[in-house]
Amino acid sequence: MLKRNTRLRREFLYRKGLEGKERERYEKKRKVRAALAEGKPIPTELREEEGALRREITLEDHRTGAAPTTHVDDEYAHAGEREPKILLTTSRDPSTKLAQFAKEMKLVFPNAQRMNRGSQVMSQIVDASRNHDFTDIVLVHEHRGEPDGLVICHLPFGPTAYFGVVNAVSRHDIRGGGQALPNVKEEYPHLVMDNFTTPLGKRTADILRYLFPPGAKEDAKRVMTFANRRDYISFRHYTYAQPRGADSVELSEVGPRFELKLYQIKLGTMDQQEADTEYVLRSFSNTAKKRRML
């Protein structure tokens with residue numbers, strides 16, 4: 001199994017290394033194709049390669065002539081073929097509040113399994129999850145008893161997204177002390193991804209979206225919302241009812257609720273310290289009031 005994982009990782013890195021060459025070749029053929037279509041002369045820097053580029057263009061069809069894929073496409077290429085299988089764990093020696101928050105997060109993700117961290121290190125958790133066909137690892141952190149971090153690691157090769165957690169409210173706090181907690185439905189939820197407009201925002205939405213299985217039924221009464229407001233992602237979990245027909249909708253918040261702040265995306269798993277950084281929230285980025293990353 002170790003040799004297999006090493007081989008797959010080497011193949012993934014090789015494909016990733018070819019992206020720049022394939023993109024450069026594609027851009028050259030696009031310029032030649034555009035010049036021929038418009039009746040303009042071939043660009044000067046491409047005249048030496050014109051013959052070879054024309055032969056390649058002649059042999060291409062709608063599939064081979066399409067834009068080359070990237071490592072982003074490869075990471076989630078098979079995401080819809082099978083349901084996600086998530087391993088949920090916490091930092092070492094979790095407090096009672098963090099353990100309760102992890103239990104509630106297990107109810108959020110279908111097909112999630114919660115594991116006590118114990119003394120295991122990250123490399124052991126990632127290897128065991130990869131060998132047991134887990135698709136993602138969700139790790140919850142805390143600071144003085146308050147959940148303050150969420151790490152989402154996609155398997156087998158990444159990416160890994162690091163979020164800060166603020167304003168976390170558990171299900172018991174939402175309902176109040178004297179009110180009965182609503183049962184959490186096990187049906188697949190409808191997802192609402194709101195206001196993810198930039199390329200980084202769409203990338204973040206994909207990382208969150210593929211934690212949930214596709215194919216929610218039309219009559220499912222469970223809804224989860226990830227709403228981006230000023231680069232803070234608000235998560236809400238609802239069930240709804242229509243007591244007086246389609247014209248009336250009553251929402252009931254199930255919980256938990258929290259806000260996420262993305263601060264890093266790495267092109268690798270969480271145990272790889274040498275993985276490339278795709279995005280990181282730099283110092284003083286928030287001082288640009290009109291700048292929105294997501």
# chains A, B, ... in the order shown; residues from 1 in each chain; ligands from 1
call {"tool": "closest_atom_pairs", "arguments": {"of": "stretch 144-187 of chain A", "to": "stretch 199-209 of chain A", "cutoff": "10 Å", "atoms": "only C-alpha atoms", "output": "JSON lines"}}
result
{"residue": "A:Ile152", "atom": "CA", "partner": "A:Ile207", "partner_atom": "CA", "distance": 7.9}
{"residue": "A:Cys153", "atom": "CA", "partner": "A:Ile207", "partner_atom": "CA", "distance": 9.0}
{"residue": "A:His154", "atom": "CA", "partner": "A:Ile207", "partner_atom": "CA", "distance": 8.1}
{"residue": "A:Pro159", "atom": "CA", "partner": "A:Ile207", "partner_atom": "CA", "distance": 8.3}
{"residue": "A:Thr160", "atom": "CA", "partner": "A:Ile207", "partner_atom": "CA", "distance": 8.8}
{"residue": "A:Ala161", "atom": "CA", "partner": "A:Ile207", "partner_atom": "CA", "distance": 7.8}
call {"tool": "write_last_selection", "arguments": {"atoms": "all heavy atoms", "output": "short mmCIF file (atom, residue, chain, number, x, y, z; two decimals), in the first residue's frame"}}
result
data_model
loop_
_atom_site.label_atom_id
_atom_site.label_comp_id
_atom_site.auth_asym_id
_atom_site.auth_seq_id
_atom_site.Cartn_x
_atom_site.Cartn_y
_atom_site.Cartn_z
N ILE A 152 -9.76 21.33 6.52
CA ILE A 152 -10.38 20.37 5.60
C ILE A 152 -9.29 19.88 4.67
O ILE A 152 -8.72 20.65 3.89
CB ILE A 152 -11.52 21.01 4.81
CG1 ILE A 152 -12.61 21.52 5.76
CG2 ILE A 152 -12.11 20.01 3.82
CD1 ILE A 152 -13.72 22.28 5.06
N CYS A 153 -8.99 18.59 4.73
CA CYS A 153 -7.94 17.98 3.92
C CYS A 153 -8.59 16.98 2.97
O CYS A 153 -9.21 16.00 3.41
CB CYS A 153 -6.91 17.30 4.81
SG CYS A 153 -5.63 16.40 3.91
N HIS A 154 -8.44 17.22 1.67
CA HIS A 154 -8.98 16.31 0.66
C HIS A 154 -7.96 15.23 0.35
O HIS A 154 -6.77 15.51 0.20
CB HIS A 154 -9.34 17.09 -0.61
CG HIS A 154 -9.99 16.24 -1.66
ND1 HIS A 154 -11.22 15.66 -1.48
CD2 HIS A 154 -9.58 15.87 -2.90
CE1 HIS A 154 -11.55 14.96 -2.57
NE2 HIS A 154 -10.55 15.07 -3.44
N PRO A 159 -6.40 19.31 -2.02
CA PRO A 159 -5.77 20.37 -1.23
C PRO A 159 -6.20 20.34 0.24
O PRO A 159 -7.08 19.58 0.62
CB PRO A 159 -6.28 21.64 -1.90
CG PRO A 159 -7.65 21.26 -2.37
CD PRO A 159 -7.54 19.83 -2.82
N THR A 160 -5.55 21.20 1.03
CA THR A 160 -5.89 21.37 2.44
C THR A 160 -6.23 22.82 2.68
O THR A 160 -5.43 23.71 2.39
CB THR A 160 -4.72 20.95 3.34
OG1 THR A 160 -4.38 19.58 3.09
CG2 THR A 160 -5.08 21.10 4.79
N ALA A 161 -7.43 23.07 3.18
CA ALA A 161 -7.91 24.43 3.45
C ALA A 161 -7.95 24.65 4.95
O ALA A 161 -8.46 23.80 5.71
CB ALA A 161 -9.29 24.67 2.84
#
call {"tool": "residues_around", "arguments": {"residues": "A:Met224", "least_positions_apart": "4", "cutoff": "6 Å", "atoms": "only C-alpha atoms", "output": "ChimeraX atom specification"}}
result
/A:191,236-237
call {"tool": "write_last_selection", "arguments": {"atoms": "N, CA and C atoms", "output": "tab-separated table (two decimals), in the first residue's frame"}}
result
chain	number	residue	atom	x	y	z
A	191	LEU	N	-27.88	22.21	-0.67
A	191	LEU	CA	-26.82	23.17	-0.38
A	191	LEU	C	-27.10	24.49	-1.07
A	236	ARG	N	-25.27	28.03	8.17
A	236	ARG	CA	-26.55	27.83	8.86
A	236	ARG	C	-27.14	26.50	8.41
A	237	HIS	N	-27.81	25.85	9.36
A	237	HIS	CA	-28.41	24.53	9.12
A	237	HIS	C	-29.88	24.60	9.51
call {"tool": "residues_around", "arguments": {"residues": "A:Asp93", "least_positions_apart": "4", "cutoff": "9 Å", "atoms": "only C-alpha atoms", "output": "list of chain:residue names"}}
result
A:Arg117, A:Gly118, A:Ser119
call {"tool": "write_last_selection", "arguments": {"atoms": "C-alpha atoms", "output": "mmCIF file, in the first residue's frame"}}
result
data_model
loop_
_atom_site.group_PDB
_atom_site.id
_atom_site.type_symbol
_atom_site.label_atom_id
_atom_site.label_comp_id
_atom_site.auth_asym_id
_atom_site.auth_seq_id
_atom_site.Cartn_x
_atom_site.Cartn_y
_atom_site.Cartn_z
ATOM 1 C CA ARG A 117 -7.494 11.814 18.401
ATOM 2 C CA GLY A 118 -5.548 10.220 21.225
ATOM 3 C CA SER A 119 -1.793 10.412 20.683
#
call {"tool": "closest_residue", "arguments": {"among": "A:Asp133, A:Glu75, A:Glu38, A:Glu50", "to": "A:Gly268", "atoms": "only C-alpha atoms"}}
result
A:Glu75
call {"tool": "residues_around", "arguments": {"residues": "A:Thr89", "least_positions_apart": "4", "cutoff": "8 Å", "atoms": "only C-alpha atoms", "output": "list of chain:residue names"}}
result
A:Ala102, A:Arg114, A:Met115, A:Asn116, A:Arg117, A:Ile137, A:Val138, A:Leu139, A:Val140
call {"tool": "residues_around", "arguments": {"residues": "A:Ala168", "least_positions_apart": "4", "cutoff": "8 Å", "atoms": "only C-alpha atoms", "output": "list in words"}}
result
Glu146, Pro147, Pro256, Arg257, Phe258 and Glu259 of chain A
call {"tool": "select_by_dssp", "arguments": {"residues": "stretch 14-249 of chain A", "states": "helix (DSSP H, G or I)", "output": "VMD selection string"}}
result
chain A and resid 14 to 17 19 to 38 44 to 46 50 to 59 71 to 75 96 to 108 122 to 131 171 to 175 199 to 209
call {"tool": "atom_distance", "arguments": {"atom1": "atom CA of A:Leu294", "atom2": "atom CA of A:Asn195"}}
result
7.9 Å
call {"tool": "residues_around", "arguments": {"residues": "A:Val254", "least_positions_apart": "4", "cutoff": "12 Å", "atoms": "only C-alpha atoms", "output": "VMD selection string"}}
result
chain A and resid 104 to 105 107 to 108 169 to 175 180 to 185 221 to 224 235 to 240
call {"tool": "select_by_dssp", "arguments": {"residues": "stretch 9-240 of chain A", "states": "strand (DSSP E or B)", "output": "VMD selection string"}}
result
chain A and resid 86 to 90 112 to 114 136 to 143 146 to 154 160 to 169 190 to 194 222 to 229 232 to 240
call {"tool": "closest_residue", "arguments": {"among": "A:Ile86, A:Arg9, A:Gly255, A:Arg130", "to": "A:Phe101", "atoms": "only C-alpha atoms"}}
result
A:Gly255
call {"tool": "residues_around", "arguments": {"residues": "A:Leu150", "least_positions_apart": "5", "cutoff": "10 Å", "atoms": "only C-alpha atoms", "output": "list of chain:residue names"}}
result
A:Thr90, A:Val138, A:Leu139, A:Val140, A:His141, A:Glu142, A:Ala161, A:Tyr162, A:Phe163, A:Gly164, A:Val165, A:Leu260, A:Lys261, A:Leu262
call {"tool": "write_last_selection", "arguments": {"atoms": "N, CA and C atoms", "output": "short mmCIF file (atom, residue, chain, number, x, y, z; two decimals), in the first residue's frame"}}
result
data_model
loop_
_atom_site.label_atom_id
_atom_site.label_comp_id
_atom_site.auth_asym_id
_atom_site.auth_seq_id
_atom_site.Cartn_x
_atom_site.Cartn_y
_atom_site.Cartn_z
N THR A 90 -10.42 15.82 16.30
CA THR A 90 -10.14 17.08 16.99
C THR A 90 -8.64 17.18 17.27
N VAL A 138 -11.60 16.15 8.36
CA VAL A 138 -12.01 17.42 8.96
C VAL A 138 -11.47 17.44 10.38
N LEU A 139 -10.63 18.44 10.66
CA LEU A 139 -9.98 18.57 11.96
C LEU A 139 -10.44 19.86 12.62
N VAL A 140 -10.90 19.76 13.87
CA VAL A 140 -11.41 20.91 14.61
C VAL A 140 -10.43 21.28 15.71
N HIS A 141 -10.11 22.58 15.79
CA HIS A 141 -9.20 23.09 16.82
C HIS A 141 -9.97 23.97 17.81
N GLU A 142 -9.31 24.28 18.94
CA GLU A 142 -9.92 25.13 19.95
C GLU A 142 -8.87 26.02 20.58
N ALA A 161 -7.43 23.07 3.18
CA ALA A 161 -7.91 24.43 3.45
C ALA A 161 -7.95 24.65 4.95
N TYR A 162 -7.43 25.80 5.39
CA TYR A 162 -7.39 26.17 6.80
C TYR A 162 -8.34 27.34 7.02
N PHE A 163 -9.29 27.14 7.92
CA PHE A 163 -10.28 28.16 8.22
C PHE A 163 -10.17 28.54 9.70
N GLY A 164 -10.42 29.81 9.98
CA GLY A 164 -10.66 30.25 11.34
C GLY A 164 -12.15 30.18 11.63
N VAL A 165 -12.51 29.80 12.84
CA VAL A 165 -13.91 29.68 13.25
C VAL A 165 -14.21 30.75 14.29
N LEU A 260 -16.84 31.13 9.12
CA LEU A 260 -15.52 30.67 8.71
C LEU A 260 -14.76 31.80 8.04
N LYS A 261 -13.46 31.87 8.29
CA LYS A 261 -12.57 32.83 7.65
C LYS A 261 -11.42 32.05 7.03
N LEU A 262 -11.36 32.04 5.70
CA LEU A 262 -10.29 31.32 5.02
C LEU A 262 -8.98 32.08 5.16
#
call {"tool": "atom_distance", "arguments": {"atom1": "atom CA of A:Ser234", "atom2": "atom CA of A:Val192"}}
result
11.2 Å
call {"tool": "closest_residue", "arguments": {"among": "A:Tyr76, A:Tyr263, A:Tyr279, A:Phe196", "to": "A:Ala227", "atoms": "only C-alpha atoms"}}
result
A:Phe196
call {"tool": "closest_residue", "arguments": {"among": "A:Ile125, A:Pro156, A:Pro189, A:Arg7", "to": "A:Thr225", "atoms": "only C-alpha atoms"}}
result
A:Pro189
call {"tool": "atom_distance", "arguments": {"atom1": "atom CA of A:Val121", "atom2": "atom CA of A:Ala79"}}
result
26.9 Å
call {"tool": "decode", "arguments": {"residues": "stretch 181-200 of chain A", "atoms": "N, CA and C atoms", "output": "PDB file, in the first residue's frame"}}
result
ATOM      1  N   LEU A 181     -34.770  20.173  21.643  1.00  0.00           N
ATOM      2  CA  LEU A 181     -33.959  20.218  20.434  1.00  0.00           C
ATOM      3  C   LEU A 181     -34.639  19.438  19.316  1.00  0.00           C
ATOM      4  N   PRO A 182     -34.698  19.977  18.109  1.00  0.00           N
ATOM      5  CA  PRO A 182     -35.272  19.214  16.998  1.00  0.00           C
ATOM      6  C   PRO A 182     -34.340  18.087  16.580  1.00  0.00           C
ATOM      7  N   ASN A 183     -34.935  17.023  16.102  1.00  0.00           N
ATOM      8  CA  ASN A 183     -34.130  15.905  15.625  1.00  0.00           C
ATOM      9  C   ASN A 183     -33.405  16.294  14.343  1.00  0.00           C
ATOM     10  N   VAL A 184     -32.197  15.812  14.200  1.00  0.00           N
ATOM     11  CA  VAL A 184     -31.412  16.068  12.989  1.00  0.00           C
ATOM     12  C   VAL A 184     -31.749  14.998  11.964  1.00  0.00           C
ATOM     13  N   LYS A 185     -32.257  15.410  10.827  1.00  0.00           N
ATOM     14  CA  LYS A 185     -32.600  14.468   9.781  1.00  0.00           C
ATOM     15  C   LYS A 185     -31.331  13.906   9.148  1.00  0.00           C
ATOM     16  N   GLU A 186     -31.398  12.665   8.729  1.00  0.00           N
ATOM     17  CA  GLU A 186     -30.260  12.020   8.097  1.00  0.00           C
ATOM     18  C   GLU A 186     -30.320  12.082   6.579  1.00  0.00           C
ATOM     19  N   GLU A 187     -31.333  12.713   6.031  1.00  0.00           N
ATOM     20  CA  GLU A 187     -31.427  12.820   4.578  1.00  0.00           C
ATOM     21  C   GLU A 187     -30.365  13.772   4.042  1.00  0.00           C
ATOM     22  N   TYR A 188     -30.029  13.602   2.790  1.00  0.00           N
ATOM     23  CA  TYR A 188     -29.025  14.451   2.172  1.00  0.00           C
ATOM     24  C   TYR A 188     -29.561  15.871   2.048  1.00  0.00           C
ATOM     25  N   PRO A 189     -28.777  16.867   2.407  1.00  0.00           N
ATOM     26  CA  PRO A 189     -29.300  18.242   2.432  1.00  0.00           C
ATOM     27  C   PRO A 189     -29.201  18.922   1.073  1.00  0.00           C
ATOM     28  N   HIS A 190     -30.030  19.942   0.902  1.00  0.00           N
ATOM     29  CA  HIS A 190     -29.864  20.891  -0.192  1.00  0.00           C
ATOM     30  C   HIS A 190     -28.807  21.913   0.226  1.00  0.00           C
ATOM     31  N   LEU A 191     -27.884  22.210  -0.671  1.00  0.00           N
ATOM     32  CA  LEU A 191     -26.819  23.165  -0.379  1.00  0.00           C
ATOM     33  C   LEU A 191     -27.100  24.492  -1.074  1.00  0.00           C
ATOM     34  N   VAL A 192     -26.844  25.582  -0.346  1.00  0.00           N
ATOM     35  CA  VAL A 192     -26.957  26.934  -0.900  1.00  0.00           C
ATOM     36  C   VAL A 192     -25.592  27.590  -0.749  1.00  0.00           C
ATOM     37  N   MET A 193     -24.926  27.842  -1.881  1.00  0.00           N
ATOM     38  CA  MET A 193     -23.643  28.541  -1.908  1.00  0.00           C
ATOM     39  C   MET A 193     -23.890  29.945  -2.428  1.00  0.00           C
ATOM     40  N   ASP A 194     -23.744  30.927  -1.563  1.00  0.00           N
ATOM     41  CA  ASP A 194     -24.129  32.294  -1.911  1.00  0.00           C
ATOM     42  C   ASP A 194     -22.924  33.215  -1.950  1.00  0.00           C
ATOM     43  N   ASN A 195     -22.790  33.955  -3.056  1.00  0.00           N
ATOM     44  CA  ASN A 195     -21.851  35.079  -3.190  1.00  0.00           C
ATOM     45  C   ASN A 195     -20.389  34.629  -3.236  1.00  0.00           C
ATOM     46  N   PHE A 196     -20.122  33.479  -3.854  1.00  0.00           N
ATOM     47  CA  PHE A 196     -18.742  33.076  -4.138  1.00  0.00           C
ATOM     48  C   PHE A 196     -18.482  33.404  -5.602  1.00  0.00           C
ATOM     49  N   THR A 197     -17.914  34.563  -5.854  1.00  0.00           N
ATOM     50  CA  THR A 197     -17.840  35.090  -7.213  1.00  0.00           C
ATOM     51  C   THR A 197     -16.435  35.046  -7.814  1.00  0.00           C
ATOM     52  N   THR A 198     -15.393  35.207  -7.020  1.00  0.00           N
ATOM     53  CA  THR A 198     -14.036  35.251  -7.544  1.00  0.00           C
ATOM     54  C   THR A 198     -13.522  33.820  -7.769  1.00  0.00           C
ATOM     55  N   PRO A 199     -12.419  33.648  -8.535  1.00  0.00           N
ATOM     56  CA  PRO A 199     -11.843  32.298  -8.686  1.00  0.00           C
ATOM     57  C   PRO A 199     -11.501  31.644  -7.351  1.00  0.00           C
ATOM     58  N   LEU A 200     -10.969  32.429  -6.402  1.00  0.00           N
ATOM     59  CA  LEU A 200     -10.689  31.875  -5.080  1.00  0.00           C
ATOM     60  C   LEU A 200     -11.980  31.513  -4.367  1.00  0.00           C
TER      61      LEU A 200
END
